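Notes follow the structure.
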Amino acid sequence: MILEALEREGVEYIFGYPGGANLPIYQHLHEHPKLKHILVRHEQGAAHMADGYARACGKPGVVFATSGPGALNLVTGLATAYMDSVPMIAITGQVASTQVGRDAFQETDVIGATSSVTKHSYLVTNIAQLPRVIHEAFHIATTGRPGPVLIDICKDVQQADAERITPDRLEIPGYQLNGHVDLGRAREAALALANAERPVILAGHGVLLSRAEPELRTFAEKAGAPVGTTLLGIGAFPVNHPLSLHMTGFMGTGWNLKAVQNADVLMMVGMRVDDRVTARLADFAPKVKTFIHIDIDGSEMGKNVRPHIELVADARNALEAMTPHVGPLDAGRGKWLAQIDAWREEHPLKYTHSNGKLQPQDVLIDMYRRCRNEAIVVADVGQNQIWAALWWNYDRPGMFLNSGGSGTMGFALPAAIGAKFGRPDKAVWCVAGEGGFVMTAQELSVAVEHQLDVKIVLLNNFSLGMVRQFQDDFYGGVRSQSDLTHMPDFVKLSDAYGMPAIRVDKFEEIGPALDAAEKTKGPFLIDFRIDPEANVYPIVPLGKSLNDFWEAPN
Amino acid sequence: MTLLHTPSPHPAALPPTSPHGGEVKIRVLSVLVEDGANTLSRISGLIRRKGFHVQSISVGPSRHPGRSRMTLTIDAGHAETDQVRKQLERLVEVIEIEDVTGQLLHSRELVVAKVRSSEVGGLVELGAKVLDSGPDGTTVEFAGEGKDVGDFIDELLHHGVLDVVRSGPVVMRRTA
């Protein structure tokens, strides 16, 4: 009954792990060949796989886990998806409804434990609720601002016979979608931007979620306004476009931060305006006279920055409604764009490569040269994430996946596996540091079992690089517990899992290693032994304003 | 039961203070919610994790079957005040929500108090009703809006308060 409902919702893959409280579901899995079940090695891996799958192909990722520890192992993965508005359905087994509350074996209040990291959740104690619940869950997970929805199903319900499998008509009185755009407000916003002397547009994940990249591009070109993206908004606007400001925020590009800090009108589309974007809030975009904020979630309005013009709407609908009201450009705009070009010249992305050590940027530049925009890059969290964000010129959505909001180490490998299931037609590169990689490395078994073409680029600096950089720069230079000298030999580790791997120490070896990865079918790992002192730049010192960004030393 | 002999005001009579210090940013919300096992914990969980603070909460059945009416008085804490409504609105269990802060309302709170004294004329004068009376004291009830409740509790202090319970306000927009 549960499996039939999933088939009806168009589910293709389930990432899961069986256990005592969901065995009744697993008993019938083989009767549903359309549902492909991927057996993970840890439930957190399942959640990240479903997440990567959803980010890559746009369909909701589905996860199965048993009660208690199984379900609790999902929590980090749910939080990751929740922070980044990723559609996901988690189906967890629960002890029998008559056992609930008796501290039965492997009983945990999963609804209670996951309420803060799910968009919604259900405890199903009666089979009659199930068709409605499953249908509602998919609707809620995938519409509006997407997010994970958890369905906790008591074991006796899983075993009950259903009389009716067709769901009721959807009727969720407490869940209303913002369908229409306030056209007057859209016009007002468009005119404010059109009449600005120094406009800047920042685009977030919401632009990707509403597939509004073409509309954003049309609007920006017509308005002559430069566009930066957030870390999660990468792909919303081509980095090589003349109007691109690349990434914003406290590790954003110098010319982006200059533009934001000097803008007179700042339009923020599909983003939360969090602390990583604003740095010190009091000094964020201090010259702005008009903040325009567009987001599908009304609670984002004024949560961090109070906009003068707010549009609670889907990004695509909003941009469509605004476009007729902008252009042609007045002469003053040329001066602003020329100023931005000058900042781009003055504050380019740069890195040190004079010390003879292997630099992570060299690896990424070579990867980009071969893949261009035909490969999906899944980054982990830390320095590797920011390098992968800045040193590829992403030009389309869905090509750069990372845990932006939650910053979950260990995300990359399972998410890359999920992404490959979602987009088997694309090359998938997993970029990770060795610290995050070992947190979920057990999922290599999944990549090997399914012979997935997932290429793992390990940027191994023998330390928790971002932590080490912060300690060096912002915590008195005291390196505390950031050293990772005792780590496995990653080539041997790969071998133990049954997959090929090589180690690279020198610049000259980058090309041949990437060649080997590309030529080998199935998973492949390259252990790049990078400069342990390599840092992320630009960076805004903690607690400082975006004006105070540091650049790479010459 | 604690005997309250001290002349300082009863805690229930004190003006609300913010747990975060500084200005109290009180919002009064009238909320129609789904009756469900999870509704109350969802709402209280959200209030906690957003850094809001509950001043009062009252729940009862609404005229719609399967739905309850909640009246919440919430301190927005460090958040912007409109976040209280906006965040609650995101919950699927919340069907309708109205921020009625500062609007023309009928606001009523029920107070039931036990006092040592059997002479409760002053309380009755303020509108209290005597529920019972005996050698150990007198139980009275009082319903009124914020200021009247404050005055009533001040008056209670003169009668040797033994115990007092308050319902938290329920509100309704005025018809005129």
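Chain labels follow the order of the structure tokens: the first chain is A, the next B, and so on; residue numbering restarts at 1 in every chain, and ligands are counted from 1 in their shown order.
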
Could you give me, as CSV, every chain B residue with an atom at most 7 Å from chain A, plus its closest atom pair and distance in Å to one decimal, counting only C-alpha atoms, rows ordered by chain then number?
```
residue,atom,partner,partner_atom,distance
B:Glu80,CA,A:Lys303,CA,6.6
B:Gln83,CA,A:Ser299,CA,6.4
B:Lys86,CA,A:Ser299,CA,4.8
B:Gln87,CA,A:Ser299,CA,5.9
B:Val92,CA,A:Gly174,CA,4.7
B:Glu93,CA,A:Gly174,CA,5.7
B:Val94,CA,A:Gly174,CA,5.2
B:Ile95,CA,A:Gly174,CA,4.0
```

Just the selected residues (N, CA and C atoms), exported as a PDB file, in the first residue's frame, please.
```
ATOM      1  N   GLU B  80      12.341  40.493  14.700  1.00  0.00           N
ATOM      2  CA  GLU B  80      11.418  41.540  14.294  1.00  0.00           C
ATOM      3  C   GLU B  80      10.017  41.102  14.714  1.00  0.00           C
ATOM      4  N   GLN B  83       7.743  38.828  12.681  1.00  0.00           N
ATOM      5  CA  GLN B  83       8.168  37.442  12.494  1.00  0.00           C
ATOM      6  C   GLN B  83       7.282  36.462  13.261  1.00  0.00           C
ATOM      7  N   LYS B  86       4.466  35.675  10.978  1.00  0.00           N
ATOM      8  CA  LYS B  86       4.950  35.051   9.743  1.00  0.00           C
ATOM      9  C   LYS B  86       5.474  33.634   9.979  1.00  0.00           C
ATOM     10  N   GLN B  87       6.178  33.438  11.062  1.00  0.00           N
ATOM     11  CA  GLN B  87       6.718  32.111  11.328  1.00  0.00           C
ATOM     12  C   GLN B  87       5.598  31.128  11.677  1.00  0.00           C
ATOM     13  N   VAL B  92       1.851  24.082   8.942  1.00  0.00           N
ATOM     14  CA  VAL B  92       0.696  23.531   8.236  1.00  0.00           C
ATOM     15  C   VAL B  92      -0.504  23.423   9.182  1.00  0.00           C
ATOM     16  N   GLU B  93      -0.226  23.234  10.472  1.00  0.00           N
ATOM     17  CA  GLU B  93      -1.315  23.102  11.450  1.00  0.00           C
ATOM     18  C   GLU B  93      -2.053  24.425  11.681  1.00  0.00           C
ATOM     19  N   VAL B  94      -1.430  25.526  11.297  1.00  0.00           N
ATOM     20  CA  VAL B  94      -2.051  26.835  11.510  1.00  0.00           C
ATOM     21  C   VAL B  94      -2.915  27.179  10.296  1.00  0.00           C
ATOM     22  N   ILE B  95      -4.212  27.321  10.541  1.00  0.00           N
ATOM     23  CA  ILE B  95      -5.139  27.547   9.432  1.00  0.00           C
ATOM     24  C   ILE B  95      -5.341  29.036   9.183  1.00  0.00           C
TER      25      ILE B  95
END
```

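When the distance limit is 10 Å and only C-alpha atoms are what count, the residues near His158 (chain B), minus those fewer than 5 positions from it on the same chain, are B:Pro7, B:Val115, B:Arg116, B:Ser117, B:Val120, B:Gly122, B:Leu123, B:Ile153.
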
Within 12 Å of Lys420 (chain A), counting only C-alpha atoms, which residues qualify if same-chain residues fewer than 2 places away don't, as a PyMOL selection string? chain A and resi 13+49-57+375-378+399+401+412-418+422-430+446-447+450-455+522-523

If we count only C-alpha atoms and set the cut-off at 10 Å, which residues sit around Leu29 (chain B), ignoring sequence neighbours fewer than 5 positions away in its own chain? Please answer as a PDB file with C-alpha atoms, in the first residue's frame.
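Produced file result-v5.pdb, reproduced below:
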```pdb
ATOM      1  CA  ILE B  57      -1.535  30.975  25.844  1.00  0.00           C
ATOM      2  CA  MET B  70      -5.716  29.823  20.402  1.00  0.00           C
ATOM      3  CA  THR B  71      -4.996  33.200  21.808  1.00  0.00           C
ATOM      4  CA  LEU B  72      -1.286  33.762  22.123  1.00  0.00           C
ATOM      5  CA  THR B  73       0.519  36.627  23.752  1.00  0.00           C
ATOM      6  CA  ILE B  74       4.104  36.411  22.618  1.00  0.00           C
ATOM      7  CA  VAL B  84       5.873  36.005  15.155  1.00  0.00           C
ATOM      8  CA  ARG B  85       2.895  35.930  12.818  1.00  0.00           C
ATOM      9  CA  LEU B  88       3.531  30.687  12.838  1.00  0.00           C
ATOM     10  CA  ILE B  97      -3.767  33.697  12.068  1.00  0.00           C
ATOM     11  CA  GLU B  98      -4.452  37.283  12.874  1.00  0.00           C
ATOM     12  CA  ASP B  99      -2.091  39.641  14.629  1.00  0.00           C
ATOM     13  CA  VAL B 100      -4.525  41.719  16.637  1.00  0.00           C
ATOM     14  CA  THR B 101      -1.941  43.699  18.592  1.00  0.00           C
ATOM     15  CA  VAL B 170      -8.875  35.507  25.026  1.00  0.00           C
ATOM     16  CA  VAL B 171      -9.677  38.197  22.516  1.00  0.00           C
TER      17      VAL B 171
END
```

List the neighbours of Pro324 (chain A) out to 12 Å using only C-alpha atoms; skip same-chain residues closer than 4 positions along the sequence, and give me the result as a VMD selection string. chain A and resid 183 186 to 191 194 215 218 to 220 222 to 223 318 to 320 328

Would you please extract all alpha helix (DSSP H) residues from region 13-83 of chain B, as assigned by DSSP on the backbone, and give them as a list of chain:residue names? B:Thr39, B:Leu40, B:Ser41, B:Arg42, B:Ile43, B:Ser44, B:Gly45, B:Leu46, B:Ile47, B:Arg48, B:Arg49, B:Asp82, B:Gln83

Identify, on the basis of only C-alpha atoms, every residue whose closest approach to His347 (chain A) does not exceed 10 Å; exclude the query and any residue fewer than 3 positions from it along the same chain; express the result as a PyMOL selection string. chain A and resi 253-256+258+341-344+350+538+551-552

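As for CA of Gly498 (chain A) and CA of Ser463 (chain A), they are spaced 26.1 Å apart.
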